[in-house]
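Structure file my_file-v2.txt (compact mmCIF, C-alpha atoms) is printed below.
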```
# COMPACT_ATOMS: atom_id res chain seq x y z
CA MET A 1 -9.32 11.75 14.79
CA ASP A 2 -7.05 8.83 15.63
CA ILE A 3 -4.46 7.54 13.15
CA THR A 4 -2.95 4.11 13.87
CA TRP A 5 -0.18 2.50 11.82
CA TYR A 6 -0.17 -1.26 11.18
CA GLY A 7 3.12 -1.27 9.31
CA HIS A 8 4.25 -0.60 5.74
CA SER A 9 1.60 1.73 4.20
CA CYS A 10 -1.40 0.53 6.18
CA PHE A 11 -3.17 2.95 8.52
CA ARG A 12 -6.54 3.03 10.22
CA LEU A 13 -8.26 6.42 10.51
CA THR A 14 -11.12 6.74 12.96
CA GLN A 15 -13.30 9.54 14.29
CA ARG A 16 -16.51 9.26 16.25
CA ASN A 17 -19.64 9.51 14.10
CA TYR A 18 -17.61 9.30 10.88
CA ALA A 19 -16.58 6.48 8.58
CA THR A 20 -13.51 4.45 9.53
CA ILE A 21 -10.90 4.14 6.78
CA VAL A 22 -8.08 1.64 6.27
CA THR A 23 -5.36 2.43 3.72
CA ASP A 24 -3.29 -0.03 1.68
CA PRO A 25 -3.81 -3.31 3.58
CA TYR A 26 -0.98 -5.79 2.99
CA ASP A 27 -0.55 -9.53 2.65
CA ALA A 28 1.55 -10.40 5.71
CA LYS A 29 2.89 -13.53 4.01
CA THR A 30 4.50 -11.32 1.39
CA ILE A 31 5.98 -8.47 3.39
CA GLY A 32 6.05 -9.56 7.04
CA TYR A 33 4.28 -7.93 10.00
CA SER A 34 1.39 -9.66 11.74
CA ASN A 35 -1.68 -10.80 9.85
CA LEU A 36 -4.17 -8.01 9.48
CA LYS A 37 -7.72 -8.55 10.70
CA LEU A 38 -9.44 -5.17 10.63
CA LYS A 39 -12.89 -3.66 10.23
CA ALA A 40 -13.59 -0.45 8.36
CA ASP A 41 -16.25 1.33 6.36
CA VAL A 42 -13.80 2.16 3.58
CA VAL A 43 -10.58 0.66 2.24
CA THR A 44 -8.35 2.68 -0.08
CA VAL A 45 -5.86 0.96 -2.40
CA SER A 46 -3.07 3.01 -3.96
CA HIS A 47 -1.97 0.38 -6.48
CA ASP A 48 -2.22 -3.29 -7.32
CA ALA A 49 0.56 -4.97 -5.33
CA PRO A 50 0.45 -7.49 -2.44
CA GLY A 51 1.87 -4.97 -0.01
CA HIS A 52 -0.96 -2.54 -0.71
CA ASN A 53 -4.06 -4.30 -2.07
CA PHE A 54 -4.87 -7.21 0.26
CA THR A 55 -8.46 -6.17 0.89
CA ASP A 56 -9.37 -9.64 2.21
CA ALA A 57 -7.67 -8.59 5.45
CA VAL A 58 -10.33 -5.94 6.09
CA GLU A 59 -14.05 -6.44 6.66
CA SER A 60 -15.40 -3.41 4.83
CA THR A 61 -18.33 -2.02 2.87
CA HIS A 62 -16.51 0.12 0.31
CA VAL A 63 -13.23 -0.54 -1.51
CA LEU A 64 -11.71 2.33 -3.51
CA THR A 65 -9.24 1.36 -6.23
CA VAL A 66 -9.67 4.09 -8.85
CA PRO A 67 -9.33 7.89 -8.84
CA GLY A 68 -12.46 9.89 -8.12
CA GLU A 69 -14.40 11.87 -5.57
CA TYR A 70 -16.33 10.07 -2.86
CA GLU A 71 -18.44 10.95 0.17
CA ILE A 72 -18.92 8.03 2.55
CA GLY A 73 -20.07 8.22 6.15
CA GLY A 74 -19.49 11.96 6.38
CA VAL A 75 -15.94 11.70 5.06
CA PHE A 76 -14.89 13.28 1.75
CA ILE A 77 -12.25 11.33 -0.17
CA VAL A 78 -10.50 12.43 -3.35
CA GLY A 79 -8.28 9.97 -5.21
CA GLU A 80 -5.77 11.51 -7.62
CA ALA A 81 -3.59 9.43 -9.94
CA MET A 82 0.04 10.53 -9.66
CA VAL A 83 2.21 8.87 -12.28
CA ASP A 84 5.74 9.71 -13.40
CA THR A 85 5.17 10.35 -17.10
CA SER A 86 8.88 11.02 -17.66
CA VAL A 87 9.74 7.30 -17.58
CA GLU A 88 8.92 4.65 -20.17
CA ASP A 89 7.03 2.27 -17.87
CA PRO A 90 5.58 4.40 -15.05
CA ARG A 91 4.28 2.86 -11.84
CA TYR A 92 0.57 3.50 -11.33
CA ASN A 93 -0.27 5.13 -8.01
CA ILE A 94 -3.25 6.87 -6.43
CA VAL A 95 -2.87 9.55 -3.77
CA TYR A 96 -5.92 9.81 -1.51
CA VAL A 97 -6.82 13.01 0.33
CA ILE A 98 -9.22 12.21 3.15
CA ASP A 99 -11.22 15.04 4.71
CA TYR A 100 -12.66 14.56 8.19
CA ASP A 101 -14.76 17.67 8.87
CA GLY A 102 -12.11 20.03 7.51
CA LEU A 103 -9.06 18.14 8.76
CA THR A 104 -7.27 16.59 5.78
CA VAL A 105 -4.98 13.57 5.59
CA ALA A 106 -3.08 12.71 2.40
CA HIS A 107 -1.96 9.12 1.93
CA LEU A 108 0.69 9.20 -0.79
CA GLY A 109 0.62 5.47 -1.49
CA ASP A 110 3.72 4.32 -3.37
CA LEU A 111 4.55 7.73 -4.84
CA ASP A 112 7.94 7.30 -6.52
CA HIS A 113 8.76 10.74 -7.96
CA ILE A 114 8.67 14.45 -7.21
CA PRO A 115 5.30 15.66 -8.56
CA SER A 116 4.91 19.01 -10.23
CA GLN A 117 3.81 22.00 -8.21
CA SER A 118 0.52 22.03 -10.13
CA ALA A 119 -0.11 18.39 -9.20
CA VAL A 120 0.58 19.18 -5.56
CA ASP A 121 -1.66 22.24 -5.68
CA GLY A 122 -4.42 20.02 -7.06
CA LEU A 123 -4.49 18.11 -3.77
CA GLY A 124 -5.57 21.21 -1.86
CA GLN A 125 -4.46 21.91 1.68
CA VAL A 126 -2.88 18.89 3.35
CA ASP A 127 -2.80 18.94 7.15
CA VAL A 128 -1.31 15.48 7.69
CA ALA A 129 0.86 13.71 5.12
CA LEU A 130 1.48 9.95 5.27
CA VAL A 131 4.68 9.70 3.25
CA PRO A 132 6.77 6.76 1.95
CA VAL A 133 10.40 7.37 2.90
CA GLY A 134 12.31 4.10 2.50
CA GLY A 135 12.69 3.71 -1.27
CA GLY A 136 12.01 0.22 -2.63
CA GLY A 137 9.69 1.54 -5.32
CA GLY A 138 8.49 4.50 -3.25
CA LEU A 139 10.14 7.81 -2.43
CA THR A 140 13.69 7.78 -1.12
CA ALA A 141 14.48 9.79 2.01
CA SER A 142 15.74 12.79 0.04
CA GLN A 143 12.80 12.68 -2.38
CA ALA A 144 10.38 12.47 0.55
CA ALA A 145 11.90 15.59 2.10
CA GLU A 146 11.47 17.44 -1.19
CA VAL A 147 7.85 16.36 -1.57
CA ILE A 148 7.14 17.52 1.98
CA SER A 149 8.58 20.94 1.16
CA LEU A 150 6.05 21.16 -1.69
CA LEU A 151 3.09 19.92 0.35
CA GLU A 152 3.86 22.01 3.46
CA PRO A 153 1.77 19.84 5.81
CA SER A 154 1.49 20.51 9.53
CA ILE A 155 2.31 16.90 10.42
CA VAL A 156 4.32 14.26 8.56
CA VAL A 157 4.02 10.56 9.39
CA PRO A 158 6.68 8.43 7.64
CA MET A 159 5.70 5.02 6.27
CA HIS A 160 6.99 2.34 3.87
CA TYR A 161 10.41 1.94 5.49
CA LYS A 162 12.52 -0.83 6.99
CA THR A 163 11.56 -2.11 10.46
CA ASN A 164 12.35 -5.23 12.47
CA HIS A 165 9.05 -6.71 11.31
CA THR A 166 9.76 -6.88 7.57
CA ASP A 167 12.47 -8.30 5.32
CA LEU A 168 11.71 -5.93 2.46
CA GLU A 169 14.68 -4.13 0.90
CA LEU A 170 13.97 -0.69 2.32
CA GLU A 171 15.91 2.05 4.08
CA GLY A 172 15.19 2.72 7.74
CA VAL A 173 13.44 5.86 8.95
CA GLU A 174 16.69 7.31 10.36
CA ARG A 175 17.95 8.52 6.98
CA PHE A 176 14.69 10.36 6.37
CA LEU A 177 14.85 12.03 9.76
CA LYS A 178 18.35 13.29 8.99
CA GLU A 179 17.13 14.62 5.63
CA MET A 180 14.51 16.55 7.59
CA GLY A 181 17.17 18.08 9.79
CA VAL A 182 16.79 15.88 12.85
CA SER A 183 20.40 15.55 14.00
CA ASN A 184 19.61 13.23 16.90
CA THR A 185 16.97 10.69 15.96
CA GLU A 186 16.56 9.80 19.63
CA ASP A 187 14.85 13.18 20.04
CA ILE A 188 11.87 11.86 18.06
CA GLU A 189 9.24 10.32 20.29
CA ILE A 190 7.60 7.18 18.92
CA VAL A 191 3.88 7.06 19.72
CA ASP A 192 1.23 4.37 19.38
CA THR A 193 -1.49 6.59 17.92
CA LEU A 194 -1.61 10.08 16.43
CA LYS A 195 -4.53 11.89 18.02
CA LEU A 196 -5.86 15.03 16.33
CA THR A 197 -8.68 17.38 17.20
CA THR A 198 -9.10 20.39 14.92
CA ARG A 199 -7.04 22.24 12.32
CA ALA A 200 -6.72 25.14 14.75
CA ASN A 201 -4.74 22.92 17.12
CA LEU A 202 -2.18 21.80 14.54
CA PRO A 203 1.45 22.94 14.89
CA GLU A 204 2.48 26.04 12.95
CA GLY A 205 5.58 24.46 11.45
CA THR A 206 5.98 20.96 10.02
CA GLN A 207 6.19 18.36 12.79
CA ILE A 208 7.34 14.77 12.27
CA VAL A 209 5.45 12.03 14.15
CA VAL A 210 6.86 8.51 14.08
CA LEU A 211 4.28 5.84 14.86
CA ASP A 212 4.96 2.42 16.34
CA ALA A 213 3.48 -0.31 14.18
CA LYS A 214 0.55 -1.88 15.99
CA GLU A 215 0.99 -5.64 16.31
```
Let me see whether you can do it: turn the structure in this file into structure tokens.
Amino acid sequence: MDITWYGHSCFRLTQRNYATIVTDPYDAKTIGYSNLKLKADVVTVSHDAPGHNFTDAVESTHVLTVPGEYEIGGVFIVGEAMVDTSVEDPRYNIVYVIDYDGLTVAHLGDLDHIPSQSAVDGLGQVDVALVPVGGGGGLTASQAAEVISLLEPSIVVPMHYKTNHTDLELEGVERFLKEMGVSNTEDIEIVDTLKLTTRANLPEGTQIVVLDAKE
């Protein structure tokens, strides 16, 4: 499986002979980055906001905007609503767990709170977590670190943070890396694409992979 980041919360997941999935496509006019022009079998939308729901940017067959269980092109997708019920006006958000032949990727969308352990357990085993880390409506760096400790994924890919390509009021990825115990952020290699094979080849501990936004 190949995971490519297009900035903000938008990723493209591909694997030969399986459906291609794009998560949370954005309106470039609203948040920056280059205009998206992608093709996919499935688009997942975590919530109704211009930075996450611009499905016109993707030529696709299926658009998922509500919780549920789906099987499309050999890929199993479970959408779970995760809402902070402790606040008066909670932000609606869907977490999608995407299963490619036993290798699972959880896209946390704009998760903005620490979910309960039971809610995390309901997601099942998460091999790769795509996690918002820059605040601005999503998890802050410290909250993201706490959520990761609950999920216990093999690989964490940060998203939804400040880069040179966006003017959004977000924190950079450096604060998150420090929260995760990375004392020297220069030790983190930035890669173009995360390439995965099987669950057996995943790291034993939690590894952080920072992706370079594809322009």
Using all atoms listed in the file, determine which residues lie at most 8 Å from Val95 of chain A, disregarding the query and same-chain residues fewer than 6 positions distant; provide the list as an mmCIF file with C-alpha atoms, keeping the file's coordinate frame.
```
data_model
loop_
_atom_site.group_PDB
_atom_site.id
_atom_site.type_symbol
_atom_site.label_atom_id
_atom_site.label_comp_id
_atom_site.auth_asym_id
_atom_site.auth_seq_id
_atom_site.Cartn_x
_atom_site.Cartn_y
_atom_site.Cartn_z
ATOM 1 C CA SER A 46 -3.070 3.010 -3.960
ATOM 2 C CA GLY A 79 -8.280 9.970 -5.210
ATOM 3 C CA GLU A 80 -5.770 11.510 -7.620
ATOM 4 C CA ALA A 81 -3.590 9.430 -9.940
ATOM 5 C CA MET A 82 0.040 10.530 -9.660
ATOM 6 C CA ALA A 106 -3.080 12.710 2.400
ATOM 7 C CA HIS A 107 -1.960 9.120 1.930
ATOM 8 C CA LEU A 108 0.690 9.200 -0.790
ATOM 9 C CA GLY A 109 0.620 5.470 -1.490
ATOM 10 C CA LEU A 111 4.550 7.730 -4.840
#
```
Neighbour list for Val63 of chain A as a list in words, cut-off 9 Å, only C-alpha atoms, skip fewer than 2 positions in-chain: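 Listed by chain and then number, they are Asp41, Val42, Val43, Thr44, Val45, Thr55, Ser60, Thr61 and Thr65 of chain A.
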Select from segment 38-79 of chain A every residue with an atom at most 12 Å from any atom of segment 114-130 of chain A, then for each give the shortest pair of atoms and their distance in Å to one decimal, using only C-alpha atoms, rows by chain and rising number, as CSV.
```
residue,atom,partner,partner_atom,distance
A:Glu69,CA,A:Leu123,CA,11.8
A:Ile77,CA,A:Leu123,CA,10.9
A:Val78,CA,A:Leu123,CA,8.3
A:Gly79,CA,A:Leu123,CA,9.1
```
With 6 Å as the threshold, what does the neighbourhood of (-21.6, 13.5, 11.1) contain in terms of residues, counting only C-alpha atoms? Coordinates are those of the file; answer as a PDB file with C-alpha atoms, keeping the file's coordinate frame.
```
ATOM      1  CA  ASN A  17     -19.640   9.510  14.100  1.00  0.00           C
ATOM      2  CA  TYR A  18     -17.610   9.300  10.880  1.00  0.00           C
ATOM      3  CA  GLY A  74     -19.490  11.960   6.380  1.00  0.00           C
TER       4      GLY A  74
END
```
Long-range neighbours of segment 180-188 of chain A as a list of chain:residue names, 12 Å cut-off, all atoms listed in the file, 6 positions minimum in chain: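 The neighbour list is A:Val133, A:Ala141, A:Ser142, A:Gln143, A:Ala144, A:Ala145, A:Glu146, A:Val147, A:Ile148, A:Ser149, A:Val156, A:Val157, A:Pro158, A:Gly172, A:Val173, A:Glu174, A:Thr206, A:Gln207, A:Ile208, A:Val209, A:Val210, A:Leu211, A:Asp212.
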Among the residues A:Thr166, A:Leu64, A:Val97, A:Lys195, the one that comes closest to Asp27 of chain A [using only C-alpha atoms]: A:Thr166
